[in-house]
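Novice: Provided herewith is a single structure, encoded as structure tokens, for subsequent inquiry.
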Amino acid sequence: MKRIALALLVLGTFSALVLTALNKNSSDTPPLTKLKEQYATKPKPSVDHSLFPELKKKFKRPHDVTAACISCHNGRAEEVMHSSHWQWERTEYIAGKGIRNVGKRNILNNFCIGVQSNEQSCTRCHVGYGYANNKAYFADSLDVDCLACHDNSGTYAKMNEGAGMPDASVNLSYAAQHVGIPTRANCGACHFFGGGGNNVKHGDLEEAIFDPARDIDVHMATDGVNMQCVDCHTAKNHQMLGKMYSVSSMNRNRVQCESCHGPMPHKDDVLNNHTLKIACQTCHIPEYAKVNPTKLFWDWSKAGRLKNGRPYELKDSNGTDVYMSIKGSFKWGKDLKPNYLWFNGTATHYLLGDKFDPSKPLDINRLMGSYDDPDSKIYPVKVHTAEQIYDTKNDYLIQPKLYSAKKGDGGFWGDFNWQTSATAGMRAVGLPYSGHYGFTETKMYWPINHMVAPKEKAVGCGECHTRSDGRLADVGGFYMPGRDYNPWVERFGFGLMALTLAGVFMHGGARIVVNRKRKRSR
Amino acid sequence: MRKEYIYHRFERFWHWMQAAVIIFLGVTGFEIHGSFTFFGYEQAVEYHDIAAWSFIMLIVLAIFWHITKGEWRQYLPTWKNLKAQANYYIFGIFRNAPHPTKKTVLTKLNPLQKLVYAGLKVLLIPTMVLTGLVYMFYRYPQQNEVLSLNISGLQTVALLHTLGAFLLVSFFVAHLYLITTGHTVTSNLRAMITGYEDLHDETTNVARESAPTASDKIAAETKEVTQ
Ligand code: HEM
């Protein structure tokens, strides 16, 4: 009786364990269903701007549109003027450098390098009218471009090389009557084309996101929840949540997956434990540049070659630029596995005038963190490498003048002369130029945050927990099961097994031989 | 020929369950270790966890049984005949010499076995269970989040666990072979399946255990009670 009861007990508990372990249904967790509901319902505008007489008139200048907006929304333009969208810089603490005002205004990258001396072209993506050459610019609220972000008609566009002014074709009155909450089209017009073309910079932000399928981005999928940028990048008084480590350094004001999904959103404890050291993005963005290629390497040193005295371009079989006289040669990549590194939310940055050692690649921005740092997690990043111009005597990077209004003003894109370009650019930033330039290898690190894949496509366990070629093969500082082992333990273990086997075979063999002999002799 | 009852029903159940579970733990464990791919990493982890808990339940049951039955004394190491037993494996077995110790329900284990199994049960398996549990419940040091054991990394625990696993595999290999060293090649195996071992009447020089020891008495008593 006792035995039967005992056996039943064992069997019962055992099968209960097995059943609970196997019973993993894959439906969404309740919070996820709620989130989907919440974000799939789109807000209805409370007013119809096309009915307001203030917006029905003909606008001569875009500034008049701003005046009309301000006539109701007073104080809003000042909010914009406090934002990084307007300022193009923030006060940041940079480890080793202290507190500095940094941003697009004065920082270098390894794409089109820098804004200064090129304002006429670069400030097409500034939220204002006439950034370039206007001393009073940053002070006048009528210069704020409301339509760039709030036009919902899809007809508003900024002029090429117009320092932020609208394109001549724009019907300001029509756009003004169709304003609303910013959509992906508004944000994407600038943020998808940074670096002078689609997907050049980010790799995870590109024109495919205007209208993505769920496979490309679960959040923004037009056939899915269809979230807009501002659903996550929320704004209070026009101060947007979120920033990028190409221009900022501190661990603040970040958009976090956790703010909607919670810190441990999985049903499986093992996965939840991973969230302590692994960022959500690491598993849930298995690939970036899923639709169009992104730039991985930019060689400025090749720029300036001319054919019959004229600049030219070369494209590869997919129609992607691989050479441009004005920019040099490029390498692109598509369907890319990110690089991975420890990141604690802070970054250092190369600043104008910093000396560096040209014999080594220069990190223009470096993401900080390590396994031992409790704030660090493993993040996916895009690494962009470049050969870019620097002052070989002063050992600092050069801000070249690229944009040229007319030939002979030093702009490389008109004159194709690095010497005059460097001279003009460095004069604009107020740094001495030795007259000697060269090209040096630089690297930038761009965290990957968008193009979140459907959960079925998340990175599987075996892609990291594997002996060779795992995704985290180069991420150090810790022991990872399946990847790591101690060679001595391995040697000892296999040695012991081999010895045991050898012993068994020798002993067994001897027994067989002895037995045979004995039988024969009998 | 006569038959001797050696292994209780529970013992046989326990032995075979344990064999299955340890083999399974070994296979899934070494897959987790990266030695080969069979189930797939995720499955291997899941199975290893389930098997680990089954193993722990089995161990609890076995401890309960051994204590209540006094059978734990079977594993008390003894010097007596240790040398004789070693000599048997090194020399006697080739000369068809008789086993120096006699297997009975009271003394199932020969002196060498006592030593090895005691080591297994006191050192190796507890090490595996403990390092395994630490491995399982390990939490990365956090500032003020999840309860942490504040071990800065898995390395030591993982290496001990791996080392133990290698020892177990080696034991397993030797164990498989030693099964064949009974009176006949299969008699040990049969005993563990049926509970009974065929005993050819021993004739010469059997170094019998002399007078029954205290533990034998207790074991005999408990046996009477249960039967
Ligand atoms: C109750 C006993 C045991 C427990 C609780 C346990 C638990 C664990 C855990 C938690 C892991 C880490 C992988 C994971 O998260 O699943 C692991 C790995 C492993 N286990 Fe076990 N285990 C036990 C017994 C065994 C046994 C008996 C063996 C071998 C026969 C074994 C061999 C291994 C091996 C080789 C690894 C990989 C270690 C590494 O590469 O880091 N385990 N075990």
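In the structure tokens, chains take letters A, B, ... by order of appearance, with residues numbered from 1 within each chain and ligands from 1 in the order shown.
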Can you pull out every residue within 10 Å of Phe138 (chain A), counting only C-alpha atoms, but drop anything in the same chain fewer than 4 positions away, and send it as a PyMOL selection string?

Specialist: chain A and resi 81+86-87+128+130-131+134+143-144

Novice: Around ligand 1, at most 6 Å away and counting only C-alpha atoms and all ligand atoms, which residues are there? Put them as a list of chain:residue names, please.

Specialist: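 Using only C-alpha atoms and all ligand atoms, I find these residues within 6 Å of ligand 1: A:Pro481, A:Gly482, B:Ile22, B:Leu25, B:Gly26, B:Gly29, B:Phe30, B:Ile32, B:His33, B:Val45, B:His48, B:Asp49, B:Ala52, B:Phe55, B:Ile56, B:Met128, B:Val129, B:Gly132, B:Leu133, B:Tyr135, B:Met136, B:Ala158, B:His161, B:Thr162, B:Ala165, B:Leu168.
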
Novice: I'd like to know which of B:Thr156, B:Asn87, B:Asn110, B:Ser170 is closest to chain A, using only C-alpha atoms.

Specialist: B:Ser170

Novice: Using only C-alpha atoms, which residues sit within 8 Å of Lys382 (chain A) once same-chain residues fewer than 3 positions away are excluded, as a PyMOL selection string?

Specialist: chain A and resi 202-203+338-339+445-448

Novice: Quick check: residues of chain A within 7 Å of chain B, only C-alpha atoms, returned as a count of residues only.

Specialist: 22

Novice: Which residues are close to Met192 (chain B), i.e. within 10 Å by only C-alpha atoms, leaving aside same-chain residues fewer than 6 positions away? Reply as a ChimeraX atom specification.

Specialist: /B:6-9,11-13,15-16,179

Novice: If we count only C-alpha atoms and set the cut-off at 7 Å, which residues sit around Asp198 (chain B), ignoring sequence neighbours fewer than 3 positions away in its own chain? Please answer as a JSON list (two decimals) with N, CA, C and O atoms, in the first residue's frame.

Specialist:
[["chain", "number", "residue", "atom", "x", "y", "z"],
["B", 1, "MET", "N", 22.51, -24.46, -8.36],
["B", 1, "MET", "CA", 22.44, -23.00, -8.41],
["B", 1, "MET", "C", 21.32, -22.48, -7.53],
["B", 1, "MET", "O", 20.23, -23.07, -7.54],
["B", 2, "ARG", "N", 21.61, -21.41, -6.80],
["B", 2, "ARG", "CA", 20.49, -20.87, -6.05],
["B", 2, "ARG", "C", 20.40, -19.38, -6.31],
["B", 2, "ARG", "O", 21.27, -18.77, -6.91],
["B", 3, "LYS", "N", 19.27, -18.86, -5.90],
["B", 3, "LYS", "CA", 19.06, -17.45, -6.15],
["B", 3, "LYS", "C", 19.11, -16.69, -4.85],
["B", 3, "LYS", "O", 18.59, -17.16, -3.85],
["B", 4, "GLU", "N", 19.75, -15.58, -4.91],
["B", 4, "GLU", "CA", 19.84, -14.76, -3.70],
["B", 4, "GLU", "C", 19.16, -13.42, -3.97],
["B", 4, "GLU", "O", 19.40, -12.79, -4.99],
["B", 187, "SER", "N", 25.36, -11.51, -14.80],
["B", 187, "SER", "CA", 24.65, -11.77, -13.54],
["B", 187, "SER", "C", 24.38, -10.48, -12.75],
["B", 187, "SER", "O", 23.32, -10.33, -12.15]]

Novice: Quick one: residues within 10 Å of Leu82 (chain B), only C-alpha atoms counted, chain neighbours fewer than 6 positions away excluded, as a count of residues only?

Specialist: 9

Novice: So which residues touch Asp335 (chain A) within 7 Å, counting only C-alpha atoms, skipping near sequence neighbours fewer than 2 positions away, as a list in words?

Specialist: Glu287, Tyr288, Ala289, Lys290, Gly333 and Lys337 of chain A

Novice: Go ahead and save the residues from that selection, with all heavy atoms, as a CSV table (one decimal), in the first residue's frame.

Specialist:
chain,number,residue,atom,x,y,z
A,287,GLU,N,18.1,41.9,-37.2
A,287,GLU,CA,18.7,42.4,-38.4
A,287,GLU,C,18.3,43.9,-38.6
A,287,GLU,O,17.2,44.2,-38.2
A,287,GLU,CB,18.3,41.7,-39.6
A,287,GLU,CG,18.9,40.3,-39.8
A,287,GLU,CD,18.5,39.7,-41.1
A,287,GLU,OE1,17.4,40.0,-41.6
A,287,GLU,OE2,19.2,38.8,-41.6
A,288,TYR,N,19.2,44.7,-39.2
A,288,TYR,CA,18.8,46.0,-39.6
A,288,TYR,C,19.1,46.2,-41.1
A,288,TYR,O,19.7,45.3,-41.7
A,288,TYR,CB,19.4,47.1,-38.7
A,288,TYR,CG,20.9,47.2,-38.8
A,288,TYR,CD1,21.5,48.3,-39.6
A,288,TYR,CD2,21.8,46.3,-38.2
A,288,TYR,CE1,22.8,48.4,-39.7
A,288,TYR,CE2,23.1,46.5,-38.3
A,288,TYR,CZ,23.7,47.5,-39.0
A,288,TYR,OH,25.0,47.6,-39.1
A,289,ALA,N,18.7,47.4,-41.6
A,289,ALA,CA,18.8,47.6,-43.0
A,289,ALA,C,18.1,46.5,-43.8
A,289,ALA,O,18.6,45.9,-44.7
A,289,ALA,CB,20.2,47.7,-43.5
A,290,LYS,N,16.9,46.2,-43.3
A,290,LYS,CA,16.1,45.0,-43.8
A,290,LYS,C,15.6,45.3,-45.2
A,290,LYS,O,15.3,44.3,-45.9
A,290,LYS,CB,15.0,44.7,-42.9
A,290,LYS,CG,15.5,44.0,-41.6
A,290,LYS,CD,14.4,43.4,-40.8
A,290,LYS,CE,13.7,44.3,-39.9
A,290,LYS,NZ,12.9,43.6,-38.9
A,333,GLY,N,25.7,48.0,-46.8
A,333,GLY,CA,25.3,46.7,-46.4
A,333,GLY,C,23.8,46.6,-46.2
A,333,GLY,O,23.1,47.6,-45.8
A,337,LYS,N,23.5,41.8,-39.5
A,337,LYS,CA,23.5,41.5,-38.1
A,337,LYS,C,24.3,42.7,-37.4
A,337,LYS,O,25.4,43.0,-37.8
A,337,LYS,CB,24.3,40.2,-37.8
A,337,LYS,CG,23.5,39.0,-38.0
A,337,LYS,CD,24.3,37.8,-37.5
A,337,LYS,CE,23.6,36.5,-38.0
A,337,LYS,NZ,24.4,35.3,-37.7

Novice: Name the closest residue to Trp298 (chain A) among the candidates A:Phe439, A:Tyr174, A:Tyr129, A:Tyr245; distances are taken between atoms, counting only C-alpha atoms.

Specialist: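 Answer, going by the shortest atom-to-atom distance: A:Phe439.
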
Novice: Region 88-286 of chain A: which residues are alpha helix (DSSP H) by DSSP, as a PyMOL selection string?

Specialist: chain A and resi 119-122+146-150+172-177+184-191+229-232+258-261+269-274+280-284

Novice: Do you have the CA of Lys401 (chain A)-CA of Ala422 (chain A) distance handy?

Specialist: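 If I compute the distance from CA of Lys401 (chain A) to CA of Ala422 (chain A), I get 6.4 Å.
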